[in-house]
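**Q** Take a look at the following structure, please.
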Amino acid sequence: IGLVVAIRALLSPLSETLFLTWQVPAGHFVLTLDSLSAFFLLPIFLLTTLCALYGIGYLNGGEPLRKTAMSWVFFNLLSASMVLVVTAANALLFLMSWEIMSLSSFFLVAFDHENAQVRRASWLYLLSTHLGVVFLFALFLLATTWSGGSDFSSFASLADLGARDAALLFIFALIGFGSKAGLFPLHVWLPDAHAAAPSHVSALMSGVMIKTGIYGILRIVTFLPPAPAWWGWLIAGLGIIGALYGIALAALQRDIKRCLAYSTIENVGIILLGLGFGMVAQAQGHPSIALLAYAGGLLHIWNHALFKGLMFFGAGSLLHATGTRDMNRMGGLLKRMPLAGLLWIGGSLAISALPPLNGLISEWLIYLSLLQAGSLGEVTALPALLLIGLLSLVGALALVTFSRLIGIALLGEPRDRCAEQAHEASPLMLLPMALLLTVCLAIGLFPGETVRLLSTPLALLLRQPETVLLPAPLTGFGLSAGVLLLSLLFGFLLLRLLRRARTGTESSTWGCGFRFPTSRMSYTGEAYSEITFRQVLPKALHPTVTGGVVTGLFPEKVCLQQISLDPVLTRQWLPLFVSIADRCQRLRWLQQGQLPFYLIYIFIISAVLMVWSLWAGGEGG
């Protein structure tokens with residue numbers, strides 16, 4: 001039902017508002033459904049439905065009934081709160097919905113709370129998201145004060161703010177919402193939380209929940225005066241840095257879910273690159289370039305929800321079948337899980353922006369905007385060309401990352417007993433994966449029809465009263481993609497026929513000429529990406545390697561371990577969190593545990609507030 005309403009609202013330039021009286025100070029229960037809300041509601045409703053379906057098969061019989069029931073309670077709360085976040089038209093209602101979304105997702109991340117790593121990941125997520133809420137409180141407090149009302153309809157007067165006040169609100173929105181969206185360097189909660197949560201929850205959080213942060217940034221920007229160019233450069237710069245940082249660390253992870261989590265940071269960076277460069281082009285008077293950049297950024301929001309949901313579903317299927325997230329313990333799973341494996345390969349092609357799937361379309365629109373800006377010969381040209389090179393590097397690292405995932409986890413021979421005993425995913429888990437891959441393919445084959453759905457939100461971002469239509473840069477994409485798809489299918493069938501016709505002896509894939517090969521002779525994930533981090537990545541991102549030194553003529557057994565940690569988290573945020581915790585510990589003496597002391601506290605605070613109000617009233621007189 002929600003999908004039908006969202007599509008109808010997306011096609012209409014008009015908005016609908018529900019206003020109800022609400023006995024809450026400074027608040028009204030106001031919901032508004034406009035083109036921007038509908039744009040984000042579409043992936044929320046689609047992915048929530050498929051995650052619920054997948055979760056039935058994923059959790060079936062594996063956990064106690066009480067634990068599973070509570071997870072569905074929080075799943076429904078998260079789903080409802082996301083809908084409220086993107087439709088709330090009152091500051092207080094928005095903040096309440098945001099807090100419900102944060103708390104419900106916290107309990108979902110902590111599903112396996114018996115595990116110490118899961119508890120650590122959930123607490124890190126709770127701390128990070130509430131640090132962001134501090135800036136959101138400041139944002140809406142200032143916006144309500146300056147506009148004279150808490151309803152979003154009153155925020156229209158913010159368009160008359162001065163440059164400094166508008167910039168302050170923009171920075172607060174970027175930090176507060178960026179912490180939820182996984183904006184670099186506020187991304188530190190995301191890899192641990194996505195890896196710890198159940199796979200259908202990871203898909204929901206990565207696919208749509210973090211997009212509410214992007215929604216918040218766009219919503220606030222539409223209230224403010226036209227964005228100056230430096231706002232766009234800031235967003236685009238943080239976006240491309242986050243994209244490079246995320247995909248670089250994704251290429252070094254052996255945990256398949258952590259790899260996908262870092263890839264989420266990369267894709268959020270690509271989205272912000274498109275939206276940020278759209279602001280730059282709009283501020284510098286190039287509406288056609290801004291249109292392409294905005295369209296690429298918005299379409300990538302949809303695309304990422306589709307293929308990242310598919311990838312987390314695939315990772316959950318591998319985890320469900322093997323009991324491990326370590327790719328080095330997998331191998332040979334394509335033979336044992338052919339349907340889940342092929343669907344996962346399709347998702348890998350989409351996320352790597354390869355034809356004929358949808359990832360190419362949105363990135364191509366961003367490339368077009370950068371190319372057109374680079375050909376102008378203005379001041380923007382050199383940064384635009386630099387961004388083209390950096391975005392190309394992101395694409396190359398994405399190919400390394402996902403070919404590594406496919407090759408190590410699916411191909412070759414099993415490296416562990418858990419991989420030998422793997423089983424195909426259940427139909428309830430395969431069906432959502434197949435539906436998502438179908439939509440990814442449909443967008444790749446019919447990009448023009450998909451981009452036309454963006455006309456109303458594009459008009460809102462471009463501040464135009466009428467819907468806008470994108471030029472026809474996608475002409476022939478669908479036909480080319482269809483021909484390529486048919487060629488790939490023909491080649492696949494031809495190879496299958498040749499393989500059946502071939503005669504001869506068979507040996508292990510990783511035999512390498514040895515008579516009795518073992519799994520120790522096969523490539524590991526670390527070995528696959530070694531040349532990448534040694535030749536491409538800066539030393540600060542290199543993994544920590546311990547052991548592996550062989551000495552003597554008759555060496556004993558040697559172990560080699562490689563760990564890739566997040567340097568931003570370990571070197572910046574964790575020391576900061578520890579320092580804050582130490583300082584807070586020193587204030588524990590305030591917790592006397594005796595009623596008279598708390599009454600004294602109340603009396604002191606009340607007296608201070610009374611003096612302050614009298615002084616403020618005297619100043620006003």
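Residue names in the structure tokens use chain letters A, B, ... in the order shown, residue numbers from 1 in each chain, and ligand numbers from 1 in the order shown.
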Give me, as an MDAnalysis selection string, all polymer residues having an atom no more than 10 Å from Arg219 (chain A), counting only C-alpha atoms and skipping those fewer than 6 positions away in the same chain.
**A** chainID A and resid 36:37 86 152 173 213 460:461
**Q** Tell me, as a list in words, which residues lie within 7 Å of Leu33 (chain A), counting only C-alpha atoms; anything in the same chain fewer than 3 positions away does not count.
**A**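 Listing them by chain and then by number gives Ser15, Glu16, Thr17, Ser37, Ala38 and Thr87 of chain A.
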**Q** Using only C-alpha atoms, determine which residues lie at most 8 Å from region 177-183 of chain A, disregarding the query and same-chain residues fewer than 4 positions distant; provide the list as a list in words.
**A**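 The contact residues come out as Ser128, Thr129, Gly132, Leu136, Ala173, His187, Val188, Leu190, Ile210, Lys211, Thr212, Gly213, Ile214, Gly216, Ile217, Leu238, Gly239, Gly242, Ile265, Val268 and Gly269 of chain A.
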**Q** Applying 10 Å and only C-alpha atoms, which residues near Leu365 (chain A) remain after dropping the ones on its own chain fewer than 5 positions away? List them as a count of residues only.
**A** 16
**Q** Extract, using only C-alpha atoms, all DNA, RNA and protein residues at most 12 Å from Pro13 (chain A), discarding same-chain residues fewer than 3 positions from it, and format them as a compact mmCIF listing (two decimals) with N, CA and C atoms, in the first residue's frame.
**A**
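Wrote it out as out28.txt, contents follow:
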```txt
# COMPACT_ATOMS: atom_id res chain seq x y z
N ILE A 7 4.60 6.06 -5.10
CA ILE A 7 4.74 6.25 -6.55
C ILE A 7 3.79 7.33 -7.05
N ARG A 8 2.55 7.32 -6.54
CA ARG A 8 1.58 8.35 -6.95
C ARG A 8 2.06 9.74 -6.55
N ALA A 9 2.59 9.86 -5.32
CA ALA A 9 3.08 11.17 -4.87
C ALA A 9 4.32 11.60 -5.65
N LEU A 10 5.14 10.63 -6.05
CA LEU A 10 6.36 10.97 -6.80
C LEU A 10 6.03 11.52 -8.17
N GLU A 16 0.70 16.76 -0.04
CA GLU A 16 -0.45 16.55 0.82
C GLU A 16 0.01 16.65 2.26
N LEU A 33 3.53 14.86 2.67
CA LEU A 33 4.00 13.96 1.62
C LEU A 33 4.21 14.78 0.36
N ASP A 34 5.48 15.10 0.06
CA ASP A 34 5.81 15.80 -1.17
C ASP A 34 6.74 14.93 -2.00
N SER A 35 7.29 15.50 -3.05
CA SER A 35 8.10 14.70 -3.97
C SER A 35 9.38 14.18 -3.30
N LEU A 36 10.00 14.97 -2.43
CA LEU A 36 11.23 14.52 -1.77
C LEU A 36 10.93 13.40 -0.78
N SER A 37 9.84 13.53 -0.02
CA SER A 37 9.44 12.45 0.88
C SER A 37 9.12 11.18 0.11
N ALA A 38 8.37 11.32 -0.97
CA ALA A 38 8.00 10.15 -1.77
C ALA A 38 9.21 9.47 -2.37
N LEU A 453 11.22 9.41 -13.40
CA LEU A 453 10.57 9.45 -12.08
C LEU A 453 11.22 10.47 -11.16
N LEU A 454 12.41 10.95 -11.51
CA LEU A 454 13.13 11.90 -10.67
C LEU A 454 12.77 13.35 -10.97
N SER A 455 11.87 13.60 -11.90
CA SER A 455 11.63 14.97 -12.36
C SER A 455 11.12 15.87 -11.24
N THR A 456 10.21 15.39 -10.40
CA THR A 456 9.66 16.27 -9.35
C THR A 456 10.66 16.53 -8.23
N PRO A 457 11.38 15.53 -7.69
CA PRO A 457 12.40 15.90 -6.69
C PRO A 457 13.52 16.74 -7.26
N LEU A 458 13.86 16.55 -8.55
CA LEU A 458 14.87 17.39 -9.16
C LEU A 458 14.41 18.85 -9.23
N ALA A 459 13.13 19.05 -9.53
CA ALA A 459 12.60 20.42 -9.57
C ALA A 459 12.69 21.06 -8.19
N LEU A 460 12.46 20.28 -7.13
CA LEU A 460 12.55 20.82 -5.77
C LEU A 460 13.98 21.23 -5.44
N GLN A 464 12.83 25.03 -8.93
CA GLN A 464 12.03 25.40 -10.09
C GLN A 464 10.58 25.04 -9.82
N PRO A 465 9.63 25.88 -10.20
CA PRO A 465 8.22 25.62 -9.88
C PRO A 465 7.63 24.45 -10.65
N GLU A 466 8.19 24.13 -11.81
CA GLU A 466 7.64 23.06 -12.63
C GLU A 466 8.61 21.88 -12.65
N THR A 467 8.08 20.73 -13.03
CA THR A 467 8.92 19.55 -13.14
C THR A 467 9.94 19.74 -14.25
N VAL A 468 11.10 19.14 -14.05
CA VAL A 468 12.17 19.25 -15.04
C VAL A 468 12.40 17.89 -15.67
```
**Q** Could you tell me how far CA of Thr32 (chain A) sits from CA of Trp146 (chain A), in Å to one decimal place?
**A**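 Rounded to one decimal, the two atoms are 21.6 Å apart.
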**Q** Rounded to one decimal, what separation in Å do you get between CA of Gly389 (chain A) and CA of Pro538 (chain A)?
**A** 16.9 Å
**Q** Output as a VMD selection string all residues of region 241-446 of chain A that backbone DSSP marks as alpha helix (DSSP H).
**A** chain A and resid 241 to 250 256 to 283 287 to 322 333 to 336 338 to 351 359 to 374 381 to 410 417 to 420 427 to 445
**Q** Restricted to C-alpha atoms, what would the selected residues look like written as a compact mmCIF listing (two decimals), in the first residue's frame?
**A**
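Writing the result to part36.txt gives the following:
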```
# COMPACT_ATOMS: atom_id res chain seq x y z
CA ILE A 241 37.36 11.16 0.32
CA GLY A 242 34.79 8.87 1.94
CA ALA A 243 34.39 6.91 -1.29
CA LEU A 244 38.14 6.31 -1.59
CA TYR A 245 38.53 5.56 2.10
CA GLY A 246 35.58 3.18 2.23
CA ILE A 247 36.46 1.11 -0.84
CA ALA A 248 40.15 0.97 0.16
CA LEU A 249 39.30 -0.59 3.52
CA ALA A 250 36.64 -2.80 1.92
CA ILE A 256 32.31 -10.37 4.11
CA LYS A 257 29.81 -8.20 6.02
CA ARG A 258 32.46 -5.70 7.13
CA CYS A 259 33.58 -5.55 3.50
CA LEU A 260 30.03 -4.66 2.44
CA ALA A 261 29.77 -2.12 5.28
CA TYR A 262 32.86 -0.26 4.11
CA SER A 263 31.44 -0.42 0.60
CA THR A 264 28.39 1.41 1.97
CA ILE A 265 30.68 4.26 3.05
CA GLU A 266 32.03 4.30 -0.51
CA ASN A 267 28.59 4.51 -2.07
CA VAL A 268 27.43 7.22 0.35
CA GLY A 269 30.51 9.13 -0.80
CA ILE A 270 29.49 8.74 -4.45
CA ILE A 271 25.97 9.96 -3.63
CA LEU A 272 27.33 13.01 -1.81
CA LEU A 273 29.78 13.67 -4.64
CA GLY A 274 26.88 13.93 -7.10
CA LEU A 275 24.69 16.04 -4.83
CA GLY A 276 27.57 18.29 -3.76
CA PHE A 277 28.75 18.91 -7.31
CA GLY A 278 25.15 19.68 -8.26
CA MET A 279 25.18 22.46 -5.64
CA VAL A 280 28.44 23.78 -7.07
CA ALA A 281 27.12 23.86 -10.64
CA GLN A 282 23.86 25.44 -9.53
CA ALA A 283 25.67 28.17 -7.57
CA PRO A 287 21.68 24.39 -14.43
CA SER A 288 22.17 21.64 -17.03
CA ILE A 289 25.30 20.36 -15.28
CA ALA A 290 23.57 20.63 -11.91
CA LEU A 291 20.66 18.64 -13.31
CA LEU A 292 22.95 15.78 -14.36
CA ALA A 293 24.80 15.75 -11.04
CA TYR A 294 21.64 15.86 -8.94
CA ALA A 295 20.06 13.13 -11.07
CA GLY A 296 23.11 10.90 -10.67
CA GLY A 297 23.19 11.42 -6.90
CA LEU A 298 19.46 10.78 -6.46
CA LEU A 299 19.43 7.73 -8.72
CA HIS A 300 22.41 6.28 -6.85
CA ILE A 301 20.35 6.47 -3.65
CA TRP A 302 17.85 4.10 -5.21
CA ASN A 303 20.49 1.96 -6.87
CA HIS A 304 22.48 1.53 -3.68
CA ALA A 305 19.36 0.49 -1.77
CA LEU A 306 18.74 -2.21 -4.38
CA PHE A 307 22.17 -3.75 -4.88
CA LYS A 308 23.36 -3.31 -1.29
CA GLY A 309 20.20 -5.00 -0.05
CA LEU A 310 20.93 -7.82 -2.48
CA MET A 311 24.56 -8.08 -1.36
CA PHE A 312 23.68 -8.25 2.34
CA PHE A 313 21.03 -10.85 1.58
CA GLY A 314 23.68 -12.84 -0.27
CA ALA A 315 26.16 -12.47 2.59
CA GLY A 316 23.45 -13.62 5.00
CA SER A 317 22.81 -16.67 2.84
CA LEU A 318 26.50 -17.59 2.91
CA LEU A 319 26.63 -17.01 6.66
CA HIS A 320 23.47 -19.05 7.20
CA ALA A 321 24.87 -21.92 5.13
CA THR A 322 28.42 -21.99 6.54
CA LEU A 333 30.20 -22.37 -2.52
CA LEU A 334 28.97 -21.74 -6.07
CA LYS A 335 28.71 -25.51 -6.58
CA ARG A 336 26.82 -26.00 -3.31
CA PRO A 338 24.27 -22.18 -7.23
CA LEU A 339 21.18 -19.97 -7.01
CA ALA A 340 22.35 -17.80 -4.13
CA GLY A 341 25.83 -17.65 -5.65
CA LEU A 342 24.60 -16.49 -9.07
CA LEU A 343 22.35 -13.86 -7.49
CA TRP A 344 25.28 -12.63 -5.40
CA ILE A 345 27.44 -12.41 -8.53
CA GLY A 346 24.69 -10.32 -10.16
CA GLY A 347 24.71 -7.97 -7.19
CA SER A 348 28.49 -7.71 -7.41
CA LEU A 349 28.25 -6.69 -11.07
CA ALA A 350 25.66 -4.04 -10.18
CA ILE A 351 27.65 -2.57 -7.29
CA GLY A 359 25.04 0.89 -10.93
CA LEU A 360 26.48 2.11 -14.23
CA ILE A 361 23.56 4.47 -14.95
CA SER A 362 23.81 6.68 -11.86
CA GLU A 363 27.60 6.84 -11.92
CA TRP A 364 27.54 7.66 -15.63
CA LEU A 365 25.29 10.67 -14.95
CA ILE A 366 27.79 11.92 -12.36
CA TYR A 367 30.65 11.36 -14.82
CA LEU A 368 28.73 13.33 -17.46
CA SER A 369 28.30 16.30 -15.13
CA LEU A 370 32.00 16.26 -14.28
CA LEU A 371 32.99 15.92 -17.93
CA GLN A 372 30.79 18.83 -18.99
CA ALA A 373 32.18 20.97 -16.17
CA GLY A 374 35.71 19.98 -17.15
CA ALA A 381 37.24 22.66 -14.75
CA LEU A 382 40.43 21.49 -13.02
CA PRO A 383 38.71 20.25 -9.82
CA ALA A 384 36.09 18.51 -11.97
CA LEU A 385 38.76 16.67 -13.98
CA LEU A 386 40.52 15.71 -10.75
CA LEU A 387 37.26 14.30 -9.40
CA ILE A 388 36.90 12.22 -12.59
CA GLY A 389 40.27 10.62 -11.94
CA LEU A 390 39.49 9.96 -8.27
CA LEU A 391 36.07 8.50 -9.10
CA SER A 392 37.73 6.23 -11.67
CA LEU A 393 40.13 5.03 -8.97
CA VAL A 394 37.14 4.25 -6.76
CA GLY A 395 35.67 2.17 -9.60
CA ALA A 396 38.92 0.26 -10.08
CA LEU A 397 39.16 -0.57 -6.37
CA ALA A 398 35.51 -1.66 -6.42
CA LEU A 399 36.34 -4.17 -9.15
CA VAL A 400 39.19 -5.54 -7.05
CA THR A 401 36.99 -5.74 -3.97
CA PHE A 402 34.07 -7.60 -5.49
CA SER A 403 36.06 -9.86 -7.77
CA ARG A 404 37.88 -10.80 -4.56
CA LEU A 405 34.60 -11.54 -2.79
CA ILE A 406 33.37 -13.73 -5.64
CA GLY A 407 36.67 -15.51 -6.24
CA ILE A 408 37.56 -16.30 -2.64
CA ALA A 409 34.09 -17.09 -1.29
CA LEU A 410 32.39 -18.78 -4.24
CA ARG A 417 34.61 -28.15 6.74
CA CYS A 418 31.91 -25.49 7.17
CA ALA A 419 32.12 -24.72 3.44
CA GLU A 420 31.98 -28.42 2.53
CA PRO A 427 13.10 -20.04 -1.05
CA LEU A 428 12.12 -17.25 1.38
CA MET A 429 15.71 -16.01 1.25
CA LEU A 430 16.17 -16.49 -2.50
CA LEU A 431 12.95 -14.74 -3.57
CA PRO A 432 13.88 -11.25 -2.22
CA MET A 433 17.33 -11.59 -3.78
CA ALA A 434 15.82 -12.47 -7.16
CA LEU A 435 13.37 -9.56 -6.99
CA LEU A 436 16.11 -7.06 -6.17
CA LEU A 437 18.33 -8.33 -9.00
CA THR A 438 15.35 -8.08 -11.38
CA VAL A 439 14.83 -4.43 -10.46
CA CYS A 440 18.58 -3.75 -10.85
CA LEU A 441 18.42 -5.27 -14.32
CA ALA A 442 15.25 -3.36 -15.23
CA ILE A 443 16.87 -0.02 -14.38
CA GLY A 444 19.93 -0.98 -16.42
CA LEU A 445 17.79 -1.93 -19.43
```
**Q** Pick out the closest residue to Gln572 (chain A) from this set: A:Pro191, A:Gly149, A:Pro43, A:Pro185. Count only C-alpha atoms.
**A**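 Of A:Pro191, A:Gly149, A:Pro43, A:Pro185, the one nearest Gln572 (chain A) is A:Pro185, counting only C-alpha atoms.
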**Q** Name the residues in contact with region 96-109 of chain A at a cut-off of 9 Å, using only C-alpha atoms, excluding same-chain residues fewer than 5 positions from it; report them as number ranges by chain.
**A** A: 71-85, 88, 91, 118-119, 121-123, 125-126, 129-130, 133, 193-198, 201-202, 205, 209
